[in-house]
file input-v5.cif (mmCIF, C-alpha atoms)
data_run
#
loop_
_atom_site.label_atom_id
_atom_site.label_comp_id
_atom_site.auth_asym_id
_atom_site.auth_seq_id
_atom_site.Cartn_x
_atom_site.Cartn_y
_atom_site.Cartn_z
CA MET X 1 85.44 125.73 96.93
CA THR X 2 88.23 123.18 97.05
CA ILE X 3 87.08 120.52 99.49
CA PHE X 4 86.97 116.75 99.41
CA LYS X 5 89.72 116.65 96.79
CA ASN X 6 89.51 112.84 96.53
CA LEU X 7 85.77 112.66 95.80
CA PRO X 8 83.86 113.49 92.61
CA ASP X 9 81.05 116.03 92.27
CA HIS X 10 78.36 113.32 92.18
CA SER X 11 79.23 112.15 95.72
CA LYS X 12 76.27 112.07 98.11
CA THR X 13 76.56 114.73 100.80
CA TRP X 14 75.10 115.29 104.28
CA ILE X 15 75.54 118.53 106.21
CA TYR X 16 75.07 118.90 109.96
CA ALA X 17 75.19 122.43 111.40
CA ALA X 18 75.90 123.59 114.92
CA ALA X 19 74.15 126.72 116.18
CA ARG X 20 77.50 128.12 117.30
CA PRO X 21 81.15 127.78 116.34
CA LEU X 22 82.88 124.71 117.71
CA ALA X 23 85.55 125.12 120.36
CA ILE X 24 88.95 123.67 119.44
CA GLU X 25 88.42 120.77 121.88
CA GLU X 26 85.05 119.99 120.28
CA TYR X 27 86.59 120.19 116.82
CA GLU X 28 89.35 117.77 117.80
CA PHE X 29 86.88 115.40 119.48
CA ILE X 30 84.65 115.34 116.38
CA CYS X 31 87.63 114.79 114.07
CA ALA X 32 88.84 111.84 116.14
CA ARG X 33 85.39 110.25 116.35
CA LEU X 34 84.61 110.71 112.67
CA SER X 35 88.04 109.54 111.54
CA ASN X 36 87.37 106.24 113.31
CA PHE X 37 83.79 106.05 112.08
CA ILE X 38 84.57 106.87 108.42
CA GLY X 39 87.50 104.45 108.48
CA ASP X 40 85.16 101.60 109.38
CA TRP X 41 82.01 102.76 107.58
CA ALA X 42 80.55 100.08 105.34
CA ALA X 43 77.34 99.13 103.54
CA HIS X 44 76.50 95.43 103.47
CA GLY X 45 80.10 94.65 104.38
CA ALA X 46 81.61 96.78 101.61
CA LYS X 47 83.73 99.73 102.73
CA LEU X 48 82.34 103.09 101.68
CA LYS X 49 84.57 105.59 99.90
CA ALA X 50 83.80 108.43 102.27
CA GLU X 51 85.35 111.50 103.81
CA PHE X 52 84.33 114.22 106.23
CA GLU X 53 85.29 117.83 106.78
CA ILE X 54 84.41 120.44 109.36
CA LEU X 55 83.80 123.74 107.61
CA HIS X 56 83.67 127.22 109.13
CA SER X 57 84.11 125.61 112.60
CA ARG X 58 80.38 124.93 112.46
CA PHE X 59 79.41 122.40 109.78
CA ILE X 60 80.11 118.68 109.76
CA VAL X 61 80.02 117.59 106.13
CA ILE X 62 80.13 113.91 105.19
CA ALA X 63 80.42 112.76 101.60
CA VAL X 64 80.31 109.33 99.96
CA ASP X 65 81.32 108.46 96.41
CA GLU X 66 78.54 106.03 95.58
CA GLY X 67 80.24 104.90 92.38
CA PRO X 68 82.10 102.02 94.04
CA GLN X 69 79.39 101.29 96.66
CA ASN X 70 76.08 102.96 97.50
CA ALA X 71 75.36 104.06 101.02
CA THR X 72 72.38 102.00 102.15
CA GLY X 73 69.62 102.78 104.63
CA CYS X 74 71.43 100.95 107.41
CA SER X 75 74.77 102.63 106.69
CA ILE X 76 73.13 106.06 106.54
CA ASP X 77 71.34 105.33 109.81
CA SER X 78 74.64 104.39 111.44
CA CYS X 79 76.11 107.73 110.35
CA VAL X 80 73.11 109.64 111.69
CA HIS X 81 73.41 107.78 114.99
CA GLU X 82 77.11 108.64 115.18
CA ILE X 83 76.38 112.35 114.66
CA GLN X 84 73.60 112.16 117.27
CA ALA X 85 75.98 110.47 119.73
CA ILE X 86 78.66 113.11 119.13
CA GLY X 87 76.08 115.86 119.60
CA LYS X 88 74.78 114.31 122.80
CA GLU X 89 78.26 113.96 124.23
CA LEU X 90 79.11 117.58 123.38
CA GLY X 91 75.69 119.07 124.13
CA ILE X 92 75.29 120.28 120.54
CA ASP X 93 72.17 119.80 118.40
CA PHE X 94 73.33 119.11 114.85
CA PHE X 95 69.75 118.39 113.74
CA ASN X 96 67.99 121.72 114.34
CA ARG X 97 66.45 122.43 110.96
CA LEU X 98 64.78 125.59 112.28
CA GLN X 99 67.99 127.59 112.27
CA VAL X 100 69.38 129.73 109.50
CA VAL X 101 73.14 129.90 109.07
CA TYR X 102 74.44 132.88 107.17
CA ARG X 103 77.49 135.07 106.65
CA ASP X 104 77.26 138.40 108.45
CA GLU X 105 78.77 140.68 105.86
CA ASN X 106 79.57 143.38 108.44
CA ASN X 107 82.26 141.22 110.01
CA ASN X 108 82.42 138.23 107.61
CA LEU X 109 81.50 135.81 110.41
CA VAL X 110 79.35 132.73 109.94
CA VAL X 111 76.45 133.10 112.37
CA SER X 112 73.04 131.58 112.93
CA CYS X 113 69.59 132.57 114.06
CA SER X 114 66.18 130.98 114.43
CA ILE X 115 63.57 131.40 111.73
CA ALA X 116 61.62 133.64 114.12
CA GLU X 117 64.72 135.84 114.57
CA LEU X 118 65.25 135.87 110.80
CA LYS X 119 61.66 137.03 110.20
CA GLN X 120 62.15 139.80 112.77
CA MET X 121 65.43 140.93 111.16
CA ILE X 122 63.75 140.99 107.75
CA ALA X 123 60.80 142.98 109.13
CA GLU X 124 63.27 145.47 110.62
CA LEU X 125 65.17 145.63 107.32
CA ASP X 126 68.23 144.25 109.13
CA PHE X 127 68.75 141.24 106.85
CA PRO X 128 69.49 142.29 103.26
CA ILE X 129 68.10 140.08 100.50
CA ASN X 130 71.64 139.46 99.22
CA THR X 131 72.94 138.18 102.57
CA PRO X 132 74.89 134.96 101.91
CA VAL X 133 73.11 131.98 103.47
CA PHE X 134 74.15 128.34 103.65
CA ASP X 135 71.77 125.92 101.96
CA ASN X 136 72.27 122.73 103.91
CA THR X 137 69.78 120.90 101.70
CA VAL X 138 72.35 120.42 98.93
CA GLN X 139 72.73 116.72 98.18
CA THR X 140 75.95 116.34 96.19
CA LEU X 141 79.50 117.62 96.44
CA GLY X 142 79.03 119.43 93.14
CA GLN X 143 76.12 121.36 94.65
CA LEU X 144 78.09 121.98 97.83
CA ARG X 145 81.03 123.31 95.87
CA THR X 146 78.94 125.68 93.73
CA ASN X 147 75.57 126.36 95.39
CA TRP X 148 75.99 125.93 99.13
CA GLU X 149 76.54 129.59 100.01
CA VAL X 150 74.06 131.66 98.03
CA PRO X 151 72.32 135.04 98.34
CA ALA X 152 69.20 134.82 100.54
CA LYS X 153 67.02 135.75 97.56
CA GLN X 154 68.17 132.52 95.81
CA SER X 155 67.65 130.26 98.82
CA TRP X 156 64.75 128.60 100.60
CA ILE X 157 64.38 131.68 102.85
CA ALA X 158 63.45 133.91 99.90
CA ARG X 159 59.78 133.30 100.76
CA TYR X 160 60.20 135.42 103.92
CA PHE X 161 61.01 138.56 101.94
CA SER X 162 58.17 140.71 100.74
CA PRO X 163 58.73 142.81 97.61
CA VAL X 164 58.42 145.96 99.74
CA GLY X 165 60.42 144.77 102.77
CA ALA X 166 63.51 143.50 100.99
CA LYS X 167 66.55 145.74 100.83
#
call {"tool": "encode", "arguments": {"input": "input-v5.cif", "output": "structure tokens"}}
result
Amino acid sequence: MTIFKNLPDHSKTWIYAAARPLAIEEYEFICARLSNFIGDWAAHGAKLKAEFEILHSRFIVIAVDEGPQNATGCSIDSCVHEIQAIGKELGIDFFNRLQVVYRDENNNLVVSCSIAELKQMIAELDFPINTPVFDNTVQTLGQLRTNWEVPAKQSWIARYFSPVGAK
């Protein structure tokens, strides 16, 4: 995955997922807001070397190269507040950790479901164990580039598959 070309693999990464694809107007709004925010983002007065990208029209990914300057608690909080404000303005919850985002291999679309829906699909053998899922718990760009989209059996949702029920 060739993203964040100006930042190294060790850069700290935060991923915020929408439960649905963003409309073009929402995408443009987020890009404008985050361009301004990232341009001014600082920790203890020192500008952060940071970038953002919107991936698959669904994920806001923010990365900071902490080599020159670490992101501090206050600077991280300001970023979280900015994402919350964007979400509130657009009516999108970017903080729902009870959703699973995966690639539907039938049509190659990135889709999401609740954990309850995931469990039901697994029980009905409608969610193969090799289904690509997005692990939004990755913490560095290196992990994002290599281990963000992984088979379900290698992700945190593997615990929902029983040896008999997995296909």
call {"tool": "atom_distance", "arguments": {"input": "input-v5.cif", "atom1": "atom CA of X:Ala23", "atom2": "atom CA of X:Ile92"}}
result
11.3 Å
call {"tool": "resolve_selection", "arguments": {"input": "input-v5.cif", "expression": "the PyMOL selection byres ((chain X and resi 130-142) around 9)", "output": "mmCIF file with C-alpha atoms, in the coordinates of the input"}}
result
data_model
loop_
_atom_site.group_PDB
_atom_site.id
_atom_site.type_symbol
_atom_site.label_atom_id
_atom_site.label_comp_id
_atom_site.auth_asym_id
_atom_site.auth_seq_id
_atom_site.Cartn_x
_atom_site.Cartn_y
_atom_site.Cartn_z
ATOM 1 C CA ILE X 3 87.080 120.520 99.490
ATOM 2 C CA PHE X 4 86.970 116.750 99.410
ATOM 3 C CA LEU X 7 85.770 112.660 95.800
ATOM 4 C CA PRO X 8 83.860 113.490 92.610
ATOM 5 C CA ASP X 9 81.050 116.030 92.270
ATOM 6 C CA HIS X 10 78.360 113.320 92.180
ATOM 7 C CA SER X 11 79.230 112.150 95.720
ATOM 8 C CA LYS X 12 76.270 112.070 98.110
ATOM 9 C CA THR X 13 76.560 114.730 100.800
ATOM 10 C CA TRP X 14 75.100 115.290 104.280
ATOM 11 C CA ILE X 15 75.540 118.530 106.210
ATOM 12 C CA TYR X 16 75.070 118.900 109.960
ATOM 13 C CA ALA X 17 75.190 122.430 111.400
ATOM 14 C CA ALA X 63 80.420 112.760 101.600
ATOM 15 C CA VAL X 100 69.380 129.730 109.500
ATOM 16 C CA VAL X 101 73.140 129.900 109.070
ATOM 17 C CA TYR X 102 74.440 132.880 107.170
ATOM 18 C CA ARG X 103 77.490 135.070 106.650
ATOM 19 C CA ASP X 104 77.260 138.400 108.450
ATOM 20 C CA GLU X 105 78.770 140.680 105.860
ATOM 21 C CA PHE X 127 68.750 141.240 106.850
ATOM 22 C CA PRO X 128 69.490 142.290 103.260
ATOM 23 C CA ILE X 129 68.100 140.080 100.500
ATOM 24 C CA GLN X 143 76.120 121.360 94.650
ATOM 25 C CA LEU X 144 78.090 121.980 97.830
ATOM 26 C CA ARG X 145 81.030 123.310 95.870
ATOM 27 C CA THR X 146 78.940 125.680 93.730
ATOM 28 C CA ASN X 147 75.570 126.360 95.390
ATOM 29 C CA TRP X 148 75.990 125.930 99.130
ATOM 30 C CA GLU X 149 76.540 129.590 100.010
ATOM 31 C CA VAL X 150 74.060 131.660 98.030
ATOM 32 C CA PRO X 151 72.320 135.040 98.340
ATOM 33 C CA ALA X 152 69.200 134.820 100.540
ATOM 34 C CA LYS X 153 67.020 135.750 97.560
ATOM 35 C CA GLN X 154 68.170 132.520 95.810
ATOM 36 C CA SER X 155 67.650 130.260 98.820
ATOM 37 C CA TRP X 156 64.750 128.600 100.600
ATOM 38 C CA ILE X 157 64.380 131.680 102.850
ATOM 39 C CA LYS X 167 66.550 145.740 100.830
#
call {"tool": "closest_residue", "arguments": {"input": "input-v5.cif", "among": "X:Cys113, X:Ala46, X:Ala19, X:Ile24", "to": "X:Pro68", "atoms": "all atoms listed in the file"}}
result
X:Ala46
call {"tool": "closest_residue", "arguments": {"input": "input-v5.cif", "among": "X:Ala43, X:Val61, X:Leu109, X:Ile122", "to": "X:Ile83", "atoms": "only C-alpha atoms"}}
result
X:Val61
call {"tool": "closest_residue", "arguments": {"input": "input-v5.cif", "among": "X:Arg97, X:Lys49, X:Leu90, X:Ala42", "to": "X:Ile76", "atoms": "all atoms listed in the file"}}
result
X:Ala42
call {"tool": "closest_residue", "arguments": {"input": "input-v5.cif", "among": "X:Asn6, X:Ser57, X:Ser162, X:Ser78", "to": "X:Leu34", "atoms": "only C-alpha atoms"}}
result
X:Ser78
call {"tool": "build_atoms", "arguments": {"input": "input-v5.cif", "residues": "stretch 45-71 of chain X", "atoms": "N, CA, C and O atoms", "output": "mmCIF file, in the coordinates of the input"}}
result
data_model
loop_
_atom_site.group_PDB
_atom_site.id
_atom_site.type_symbol
_atom_site.label_atom_id
_atom_site.label_comp_id
_atom_site.auth_asym_id
_atom_site.auth_seq_id
_atom_site.Cartn_x
_atom_site.Cartn_y
_atom_site.Cartn_z
ATOM 1 N N GLY X 45 78.761 95.217 104.307
ATOM 2 C CA GLY X 45 80.100 94.650 104.380
ATOM 3 C C GLY X 45 81.117 95.273 103.453
ATOM 4 O O GLY X 45 82.301 94.979 103.549
ATOM 5 N N ALA X 46 80.683 96.132 102.542
ATOM 6 C CA ALA X 46 81.610 96.780 101.610
ATOM 7 C C ALA X 46 81.974 98.171 102.126
ATOM 8 O O ALA X 46 81.083 98.974 102.438
ATOM 9 N N LYS X 47 83.277 98.428 102.235
ATOM 10 C CA LYS X 47 83.730 99.730 102.730
ATOM 11 C C LYS X 47 83.239 100.840 101.813
ATOM 12 O O LYS X 47 83.263 100.719 100.597
ATOM 13 N N LEU X 48 82.776 101.926 102.438
ATOM 14 C CA LEU X 48 82.340 103.090 101.680
ATOM 15 C C LEU X 48 83.516 104.020 101.420
ATOM 16 O O LEU X 48 84.361 104.214 102.309
ATOM 17 N N LYS X 49 83.562 104.581 100.218
ATOM 18 C CA LYS X 49 84.570 105.590 99.900
ATOM 19 C C LYS X 49 84.021 106.917 100.392
ATOM 20 O O LYS X 49 83.234 107.574 99.700
ATOM 21 N N ALA X 50 84.390 107.272 101.604
ATOM 22 C CA ALA X 50 83.800 108.430 102.270
ATOM 23 C C ALA X 50 84.863 109.294 102.928
ATOM 24 O O ALA X 50 85.954 108.814 103.252
ATOM 25 N N GLU X 51 84.503 110.546 103.113
ATOM 26 C CA GLU X 51 85.350 111.500 103.810
ATOM 27 C C GLU X 51 84.460 112.450 104.595
ATOM 28 O O GLU X 51 83.257 112.530 104.340
ATOM 29 N N PHE X 52 85.059 113.175 105.523
ATOM 30 C CA PHE X 52 84.330 114.220 106.230
ATOM 31 C C PHE X 52 85.213 115.449 106.320
ATOM 32 O O PHE X 52 86.444 115.362 106.203
ATOM 33 N N GLU X 53 84.580 116.584 106.515
ATOM 34 C CA GLU X 53 85.290 117.830 106.780
ATOM 35 C C GLU X 53 84.448 118.644 107.735
ATOM 36 O O GLU X 53 83.218 118.505 107.762
ATOM 37 N N ILE X 54 85.099 119.463 108.526
ATOM 38 C CA ILE X 54 84.410 120.440 109.360
ATOM 39 C C ILE X 54 84.701 121.797 108.748
ATOM 40 O O ILE X 54 85.858 122.193 108.629
ATOM 41 N N LEU X 55 83.647 122.471 108.313
ATOM 42 C CA LEU X 55 83.800 123.740 107.610
ATOM 43 C C LEU X 55 83.306 124.900 108.467
ATOM 44 O O LEU X 55 82.276 124.779 109.144
ATOM 45 N N HIS X 56 84.012 125.990 108.399
ATOM 46 C CA HIS X 56 83.670 127.220 109.130
ATOM 47 C C HIS X 56 83.513 126.976 110.628
ATOM 48 O O HIS X 56 82.757 127.685 111.289
ATOM 49 N N SER X 57 84.190 125.975 111.175
ATOM 50 C CA SER X 57 84.110 125.610 112.600
ATOM 51 C C SER X 57 82.671 125.414 113.059
ATOM 52 O O SER X 57 82.347 125.605 114.224
ATOM 53 N N ARG X 58 81.791 125.009 112.129
ATOM 54 C CA ARG X 58 80.380 124.930 112.460
ATOM 55 C C ARG X 58 79.657 123.772 111.760
ATOM 56 O O ARG X 58 78.693 123.237 112.290
ATOM 57 N N PHE X 59 80.105 123.401 110.575
ATOM 58 C CA PHE X 59 79.410 122.400 109.780
ATOM 59 C C PHE X 59 80.198 121.100 109.722
ATOM 60 O O PHE X 59 81.375 121.110 109.376
ATOM 61 N N ILE X 60 79.535 119.993 110.022
ATOM 62 C CA ILE X 60 80.110 118.680 109.760
ATOM 63 C C ILE X 60 79.555 118.260 108.409
ATOM 64 O O ILE X 60 78.331 118.188 108.224
ATOM 65 N N VAL X 61 80.437 118.010 107.462
ATOM 66 C CA VAL X 61 80.020 117.590 106.130
ATOM 67 C C VAL X 61 80.595 116.202 105.878
ATOM 68 O O VAL X 61 81.799 115.981 106.032
ATOM 69 N N ILE X 62 79.727 115.281 105.504
ATOM 70 C CA ILE X 62 80.130 113.910 105.190
ATOM 71 C C ILE X 62 79.745 113.640 103.756
ATOM 72 O O ILE X 62 78.646 113.981 103.319
ATOM 73 N N ALA X 63 80.663 113.047 103.004
ATOM 74 C CA ALA X 63 80.420 112.760 101.600
ATOM 75 C C ALA X 63 80.827 111.332 101.277
ATOM 76 O O ALA X 63 81.796 110.814 101.833
ATOM 77 N N VAL X 64 80.055 110.713 100.387
ATOM 78 C CA VAL X 64 80.310 109.330 99.960
ATOM 79 C C VAL X 64 80.269 109.277 98.439
ATOM 80 O O VAL X 64 79.282 109.697 97.826
ATOM 81 N N ASP X 65 81.326 108.740 97.845
ATOM 82 C CA ASP X 65 81.320 108.460 96.410
ATOM 83 C C ASP X 65 80.565 107.148 96.237
ATOM 84 O O ASP X 65 81.067 106.072 96.590
ATOM 85 N N GLU X 66 79.357 107.228 95.715
ATOM 86 C CA GLU X 66 78.540 106.030 95.580
ATOM 87 C C GLU X 66 78.828 105.252 94.310
ATOM 88 O O GLU X 66 78.158 104.265 94.036
ATOM 89 N N GLY X 67 79.843 105.680 93.560
ATOM 90 C CA GLY X 67 80.240 104.900 92.380
ATOM 91 C C GLY X 67 80.681 103.499 92.749
ATOM 92 O O GLY X 67 80.143 102.517 92.248
ATOM 93 N N PRO X 68 81.647 103.362 93.665
ATOM 94 C CA PRO X 68 82.100 102.020 94.040
ATOM 95 C C PRO X 68 81.066 101.254 94.871
ATOM 96 O O PRO X 68 80.933 100.045 94.744
ATOM 97 N N GLN X 69 80.356 101.948 95.762
ATOM 98 C CA GLN X 69 79.390 101.290 96.660
ATOM 99 C C GLN X 69 78.394 102.332 97.156
ATOM 100 O O GLN X 69 78.801 103.365 97.680
ATOM 101 N N ASN X 70 77.107 102.050 96.989
ATOM 102 C CA ASN X 70 76.080 102.960 97.500
ATOM 103 C C ASN X 70 75.988 102.892 99.003
ATOM 104 O O ASN X 70 76.128 101.821 99.599
ATOM 105 N N ALA X 71 75.710 104.037 99.607
ATOM 106 C CA ALA X 71 75.360 104.060 101.020
ATOM 107 C C ALA X 71 73.929 103.537 101.114
ATOM 108 O O ALA X 71 73.065 103.940 100.341
#
